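Novice: Take a look at model-v5.cif, mmCIF, C-alpha atoms:
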```cif
data_coords
loop_
_atom_site.label_atom_id
_atom_site.label_comp_id
_atom_site.auth_asym_id
_atom_site.auth_seq_id
_atom_site.Cartn_x
_atom_site.Cartn_y
_atom_site.Cartn_z
CA MET A 604 -48.77 7.62 27.64
CA GLY A 605 -48.32 9.29 24.22
CA ALA A 606 -45.43 11.46 25.46
CA ARG A 607 -43.72 8.47 27.03
CA ARG A 608 -44.08 6.41 23.84
CA PHE A 609 -42.68 9.33 21.83
CA ALA A 610 -39.70 9.63 24.21
CA VAL A 611 -38.94 5.88 24.05
CA SER A 612 -39.30 5.91 20.26
CA SER A 613 -36.98 8.90 20.00
CA ILE A 614 -34.34 7.26 22.19
CA LEU A 615 -34.55 4.02 20.20
CA ALA A 616 -34.26 5.94 16.92
CA LEU A 617 -31.16 7.75 18.17
CA ALA A 618 -29.61 4.49 19.39
CA VAL A 619 -30.24 2.74 16.07
CA ALA A 620 -28.84 5.73 14.17
CA ALA A 621 -25.66 5.57 16.29
CA ILE A 622 -24.99 1.87 15.54
CA PRO A 623 -23.75 2.40 11.94
CA GLN A 624 -21.45 5.17 13.18
CA ILE A 625 -19.80 2.77 15.61
CA ALA A 626 -19.58 0.00 13.01
CA LEU A 627 -18.01 2.36 10.47
CA ALA A 628 -15.22 3.60 12.75
CA ALA A 629 -12.02 3.24 10.74
CA THR A 630 -8.93 1.50 12.07
CA THR A 631 -5.38 2.24 10.95
CA TYR A 632 -3.00 -0.69 10.44
CA THR A 633 0.76 -0.37 9.88
CA ASP A 634 3.07 -3.07 8.56
CA ALA A 635 6.78 -3.25 7.80
CA ILE A 636 7.28 -4.68 4.31
CA VAL A 637 10.20 -6.42 2.62
CA GLY A 638 10.26 -7.92 -0.82
CA ARG A 639 11.61 -8.04 -4.34
CA GLU A 640 10.89 -6.34 -7.61
CA PHE A 641 9.85 -9.16 -9.94
CA PHE A 642 8.93 -7.12 -13.01
CA ALA A 643 10.01 -3.74 -14.37
CA THR A 644 9.53 -1.63 -17.47
CA PRO A 645 10.16 2.12 -17.86
CA THR A 646 6.55 2.74 -16.67
CA VAL A 647 5.57 -0.23 -14.43
CA GLY A 648 7.13 -1.95 -11.43
CA GLY A 649 5.88 -5.18 -9.87
CA PHE A 650 6.79 -5.97 -6.26
CA ALA A 651 5.93 -8.74 -3.81
CA GLY A 652 7.00 -9.82 -0.36
CA THR A 653 6.03 -10.24 3.26
CA ALA A 654 4.45 -7.88 5.75
CA THR A 655 4.87 -7.91 9.52
CA GLY A 656 2.96 -5.81 12.01
CA ASP A 657 -0.74 -5.20 12.49
CA LEU A 658 -1.75 -7.23 9.39
CA PRO A 659 1.00 -9.80 8.78
CA GLY A 660 0.95 -11.69 5.51
CA SER A 661 2.01 -11.57 1.88
CA TRP A 662 1.72 -8.46 -0.26
CA LEU A 663 1.80 -7.54 -3.95
CA ALA A 664 2.06 -4.10 -5.55
CA ILE A 665 1.90 -3.11 -9.21
CA VAL A 666 3.01 0.53 -9.50
CA GLU A 667 2.30 2.41 -12.73
CA HIS A 668 4.26 5.62 -13.26
CA THR A 669 5.48 8.11 -15.83
CA PRO A 670 8.73 7.11 -17.58
CA LEU A 671 11.37 6.62 -14.90
CA THR A 672 14.42 8.87 -15.08
CA THR A 673 15.56 10.29 -11.75
CA THR A 674 11.93 11.04 -10.87
CA ALA A 675 8.56 9.73 -11.89
CA ARG A 676 4.96 10.41 -10.93
CA ILE A 677 2.81 7.44 -9.82
CA THR A 678 -0.23 7.30 -12.11
CA GLY A 679 -2.00 4.12 -11.00
CA GLY A 680 -1.65 0.49 -10.04
CA ASP A 681 -2.89 -1.97 -7.46
CA PHE A 682 -1.98 -3.17 -3.97
CA ALA A 683 -3.07 -6.40 -2.25
CA LEU A 684 -2.30 -7.88 1.17
CA ALA A 685 -3.25 -11.47 2.01
CA THR A 686 -3.71 -11.54 5.79
CA ARG A 687 -6.13 -12.58 8.53
CA ILE A 688 -8.68 -10.31 10.20
CA ALA A 689 -10.61 -11.62 13.21
CA GLY A 690 -9.12 -15.04 12.49
CA GLN A 691 -10.49 -15.16 8.93
CA PRO A 692 -8.34 -15.22 5.76
CA THR A 693 -8.80 -11.83 4.14
CA THR A 694 -7.37 -9.97 1.16
CA VAL A 695 -7.12 -6.23 1.69
CA THR A 696 -6.84 -4.36 -1.60
CA GLY A 697 -6.35 -0.80 -2.75
CA THR A 698 -5.43 1.24 -5.80
CA PHE A 699 -2.56 3.69 -6.25
CA SER A 700 -3.96 7.17 -6.77
CA GLY A 701 -0.73 9.19 -6.81
CA GLY A 702 2.72 9.66 -5.43
CA THR A 703 6.31 9.79 -6.61
CA VAL A 704 9.35 7.66 -7.35
CA THR A 705 12.61 9.57 -6.77
CA GLN A 706 16.16 8.33 -7.31
CA THR A 707 18.23 8.95 -4.16
CA GLY A 708 21.52 7.20 -4.96
CA GLY A 709 23.63 5.41 -7.57
CA PHE A 710 23.78 8.26 -10.04
CA THR A 711 27.20 7.41 -11.48
CA GLY A 712 29.17 4.31 -12.38
CA CYS A 713 27.86 0.83 -11.74
CA GLN A 714 26.65 1.40 -8.18
CA ASN A 715 23.43 0.11 -6.69
CA GLN A 716 20.63 2.55 -7.47
CA THR A 717 18.19 3.56 -4.73
CA TYR A 718 14.75 5.04 -5.20
CA LYS A 719 12.28 6.45 -2.68
CA VAL A 720 8.75 5.25 -3.49
CA ASP A 721 5.97 7.31 -1.88
CA GLY A 722 2.54 6.12 -2.99
CA THR A 723 -0.97 7.11 -1.99
CA LEU A 724 -3.66 4.42 -1.85
CA GLU A 725 -7.44 4.72 -2.15
CA ASN A 726 -10.34 2.26 -2.27
CA VAL A 727 -8.66 0.36 0.58
CA GLY A 728 -10.42 -2.43 2.44
CA PRO A 729 -11.15 -6.15 2.48
CA GLY A 730 -11.90 -6.92 -1.16
CA GLY A 731 -11.92 -3.17 -1.87
CA GLY A 732 -13.52 -0.38 0.07
CA THR A 733 -13.50 3.32 0.79
CA GLY A 734 -10.38 3.49 2.97
CA THR A 735 -7.03 5.10 2.31
CA GLY A 736 -3.39 4.28 2.76
CA THR A 737 0.25 4.96 2.03
CA PHE A 738 3.01 2.81 0.55
CA GLN A 739 6.48 4.11 1.46
CA ALA A 740 9.56 2.15 0.54
CA VAL A 741 13.15 2.23 -0.62
CA LEU A 742 13.74 0.30 -3.82
CA THR A 743 17.34 -0.81 -4.43
CA HIS A 744 18.44 -1.95 -7.89
CA LEU A 745 21.36 -4.32 -7.34
CA ARG A 746 24.01 -3.78 -10.02
CA LYS A 747 27.37 -5.32 -10.98
CA THR A 748 29.87 -5.04 -13.78
CA PHE A 749 29.77 -8.23 -15.87
CA PHE A 750 32.08 -8.63 -18.88
CA GLY A 751 32.55 -4.87 -18.98
CA ARG A 752 28.83 -4.05 -18.84
CA CYS A 753 26.79 -2.82 -15.89
CA ILE A 754 23.83 -5.12 -15.29
CA THR A 755 20.98 -5.01 -12.81
CA TYR A 756 20.72 -8.52 -11.40
CA GLY A 757 18.01 -8.01 -8.80
CA ALA A 758 16.05 -5.51 -6.78
CA ARG A 759 14.82 -5.40 -3.21
CA VAL A 760 12.27 -3.20 -1.50
CA VAL A 761 11.99 -2.30 2.21
CA GLY A 762 9.48 0.04 3.80
CA THR A 763 6.06 0.44 5.39
CA VAL A 764 2.45 0.30 4.34
CA THR A 765 -0.25 2.05 6.35
CA LEU A 766 -3.89 1.17 5.67
CA THR A 767 -6.99 2.82 7.12
CA PHE A 768 -10.39 1.19 6.63
#
```
Write the structure described by the file as structure tokens, please.

Specialist:
Amino acid sequence: MGARRFAVSSILALAVAAIPQIALAATTYTDAIVGREFFATPTVGGFAGTATGDLPGSWLAIVEHTPLTTTARITGGDFALATRIAGQPTTVTGTFSGGTVTQTGGFTGCQNQTYKVDGTLENVGPGGGTGTGTFQAVLTHLRKTFFGRCITYGARVVGTVTLTF
């Protein structure tokens, strides 16, 4: 009887130990994003828009970076996605931990300027977490000549966000 009890106890212990492993299995979600830049300084860009895909909803990103010339290094910032998971309203958040902003067009004259934004996310999950992600987008500064001066009158962003948590 002692050996049988030990065997049953061992099996139960292994089964209980396996439950957290199953519960912690990460899932990767990918969304297409579109939006606008609503705030910009030489070292911070604020973006917001809509996401469609695995986690549809509204998103917001604040990207902190070194002074923007034709390139900049992402130094911090925050990401949030208001969505639904398992039918429940959920906000998935993350923080920018690195990446780059690189100008890809509009180097001369008063043309639209395009930038490739490649950001790395950490602390990703509902209300924060230990997951990871990427934010990849093309930012377009819309520019026109107005009374002889080149002005930026708007900016749009199109890309993808991939979140694993």

Novice: Once the PyMOL selection byres ((chain A and resi 664) around 8) is applied to the coordinates I shared, what remains selected? I want it as a list in words.

Specialist: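 Against this file, the PyMOL selection byres ((chain A and resi 664) around 8) returns the residues Gly649, Phe650, Ala651, Trp662, Leu663, Ile665, Val666, Gly680, Asp681, Phe682 and Ala683 of chain A.
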
Novice: Quick check on the file I pasted: which residues fall under the PyMOL selection byres ((chain A and resi 740) around 12)? Write them as a PyMOL selection string.

Specialist: chain A and resi 634-640+650+664+702-707+717-723+737-739+741-743+759-765

Novice: Any idea what the distance is between atom CA of A:Gln714 and atom CA of A:Tyr756?

Specialist: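 So the two atoms, atom CA of A:Gln714 and atom CA of A:Tyr756, lie 12.0 Å apart.
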
Novice: Going by the chain IDs and residue numbers used in this file, which residues fall under the PyMOL selection byres ((chain A and resi 734) around 7)? Write them as a ChimeraX atom specification.

Specialist: /A:725-728,732-733,735,767-768

Novice: Tell me, as a list in words, which residues lie within 10 Å of A:Cys753, counting all atoms listed in the file; anything in the same chain fewer than 6 positions away does not count.

Specialist: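 My reading of the contact set: Gly712, Cys713, Gln714, Arg746 and Lys747 of chain A.
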
Novice: What is the distance between atom CA of A:His668 and atom CA of A:Thr755, in Å to one decimal?

Specialist: 19.8 Å

Novice: Could you check which of A:Thr655, A:Thr631, A:Thr644, A:Thr672 is closest to A:Leu684, using only C-alpha atoms?

Specialist: A:Thr655

Novice: Would you compute, for all listed atoms of stretch 665-673 of chain A, the axis-aligned bounding box grown by 5 Å on each side, and then report its centre and edge lengths in Å rounded to one decimal, as AutoDock Vina command-line options?

Specialist:
```
--center_x 8.7 --center_y 3.6 --center_z -13.4 --size_x 23.7 --size_y 23.4 --size_z 18.4
```

Novice: So which one's closest to A:Asp657, A:Thr711, A:Thr748, A:Leu766, A:Ala643? Using all atoms listed in the file, please.

Specialist: A:Leu766

Novice: Report as number ranges by chain all protein, DNA and RNA residues lying within 6 Å of A:His744, evaluated on only C-alpha atoms, omitting residues in the same chain fewer than 6 positions from it.

Specialist: A: 715-716, 758

Novice: Could you check how far atom CA of A:Pro670 sits from atom CA of A:Thr646, in Å to one decimal?

Specialist: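 Value for the atom CA of A:Pro670-atom CA of A:Thr646 distance: 5.0 Å.
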
Novice: Which of these residues is nearest to A:Val647, using all atoms listed in the file: A:Gly751, A:Gly679, A:Gly690, A:Gly697?

Specialist: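 Closest to A:Val647 of all the choices is A:Gly679.
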
Novice: My list of candidates is A:Thr653, A:Thr694, A:Thr630, A:Ser700. Which is closest to A:Thr678 when distances are computed with all atoms listed in the file?

Specialist: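 Closest residue, counting all atoms listed in the file: A:Ser700.
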
Novice: Atoms are missing here; could stretch 669-683 of chain A be completed with N, CA and C atoms and written as a PDB file, in the coordinates of the input?

Specialist:
```
ATOM      1  N   THR A 669       4.939   7.481 -14.629  1.00  0.00           N
ATOM      2  CA  THR A 669       5.480   8.110 -15.830  1.00  0.00           C
ATOM      3  C   THR A 669       6.861   7.517 -16.088  1.00  0.00           C
ATOM      4  N   PRO A 670       7.415   7.699 -17.295  1.00  0.00           N
ATOM      5  CA  PRO A 670       8.730   7.110 -17.580  1.00  0.00           C
ATOM      6  C   PRO A 670       9.753   7.473 -16.499  1.00  0.00           C
ATOM      7  N   LEU A 671      10.438   6.449 -16.018  1.00  0.00           N
ATOM      8  CA  LEU A 671      11.370   6.620 -14.900  1.00  0.00           C
ATOM      9  C   LEU A 671      12.713   7.141 -15.403  1.00  0.00           C
ATOM     10  N   THR A 672      13.071   8.311 -14.906  1.00  0.00           N
ATOM     11  CA  THR A 672      14.420   8.870 -15.080  1.00  0.00           C
ATOM     12  C   THR A 672      14.953   8.963 -13.655  1.00  0.00           C
ATOM     13  N   THR A 673      15.215  10.151 -13.172  1.00  0.00           N
ATOM     14  CA  THR A 673      15.560  10.290 -11.750  1.00  0.00           C
ATOM     15  C   THR A 673      14.323  10.551 -10.913  1.00  0.00           C
ATOM     16  N   THR A 674      13.216  10.883 -11.565  1.00  0.00           N
ATOM     17  CA  THR A 674      11.930  11.040 -10.870  1.00  0.00           C
ATOM     18  C   THR A 674      10.824  10.528 -11.781  1.00  0.00           C
ATOM     19  N   ALA A 675       9.741  10.139 -11.161  1.00  0.00           N
ATOM     20  CA  ALA A 675       8.560   9.730 -11.890  1.00  0.00           C
ATOM     21  C   ALA A 675       7.343   9.992 -11.006  1.00  0.00           C
ATOM     22  N   ARG A 676       6.212  10.203 -11.640  1.00  0.00           N
ATOM     23  CA  ARG A 676       4.960  10.410 -10.930  1.00  0.00           C
ATOM     24  C   ARG A 676       4.152   9.114 -10.999  1.00  0.00           C
ATOM     25  N   ILE A 677       3.639   8.648  -9.855  1.00  0.00           N
ATOM     26  CA  ILE A 677       2.810   7.440  -9.820  1.00  0.00           C
ATOM     27  C   ILE A 677       1.443   7.791 -10.398  1.00  0.00           C
ATOM     28  N   THR A 678       1.012   7.004 -11.396  1.00  0.00           N
ATOM     29  CA  THR A 678      -0.230   7.300 -12.110  1.00  0.00           C
ATOM     30  C   THR A 678      -1.329   6.262 -11.875  1.00  0.00           C
ATOM     31  N   GLY A 679      -1.002   5.146 -11.233  1.00  0.00           N
ATOM     32  CA  GLY A 679      -2.000   4.120 -11.000  1.00  0.00           C
ATOM     33  C   GLY A 679      -1.357   2.842 -10.499  1.00  0.00           C
ATOM     34  N   GLY A 680      -2.143   1.786 -10.482  1.00  0.00           N
ATOM     35  CA  GLY A 680      -1.650   0.490 -10.040  1.00  0.00           C
ATOM     36  C   GLY A 680      -2.509  -0.076  -8.925  1.00  0.00           C
ATOM     37  N   ASP A 681      -2.106  -1.243  -8.451  1.00  0.00           N
ATOM     38  CA  ASP A 681      -2.890  -1.970  -7.460  1.00  0.00           C
ATOM     39  C   ASP A 681      -2.017  -2.470  -6.315  1.00  0.00           C
ATOM     40  N   PHE A 682      -2.643  -2.621  -5.151  1.00  0.00           N
ATOM     41  CA  PHE A 682      -1.980  -3.170  -3.970  1.00  0.00           C
ATOM     42  C   PHE A 682      -2.898  -4.241  -3.387  1.00  0.00           C
ATOM     43  N   ALA A 683      -2.295  -5.340  -2.915  1.00  0.00           N
ATOM     44  CA  ALA A 683      -3.070  -6.400  -2.250  1.00  0.00           C
ATOM     45  C   ALA A 683      -2.253  -6.976  -1.110  1.00  0.00           C
TER      46      ALA A 683
END
```
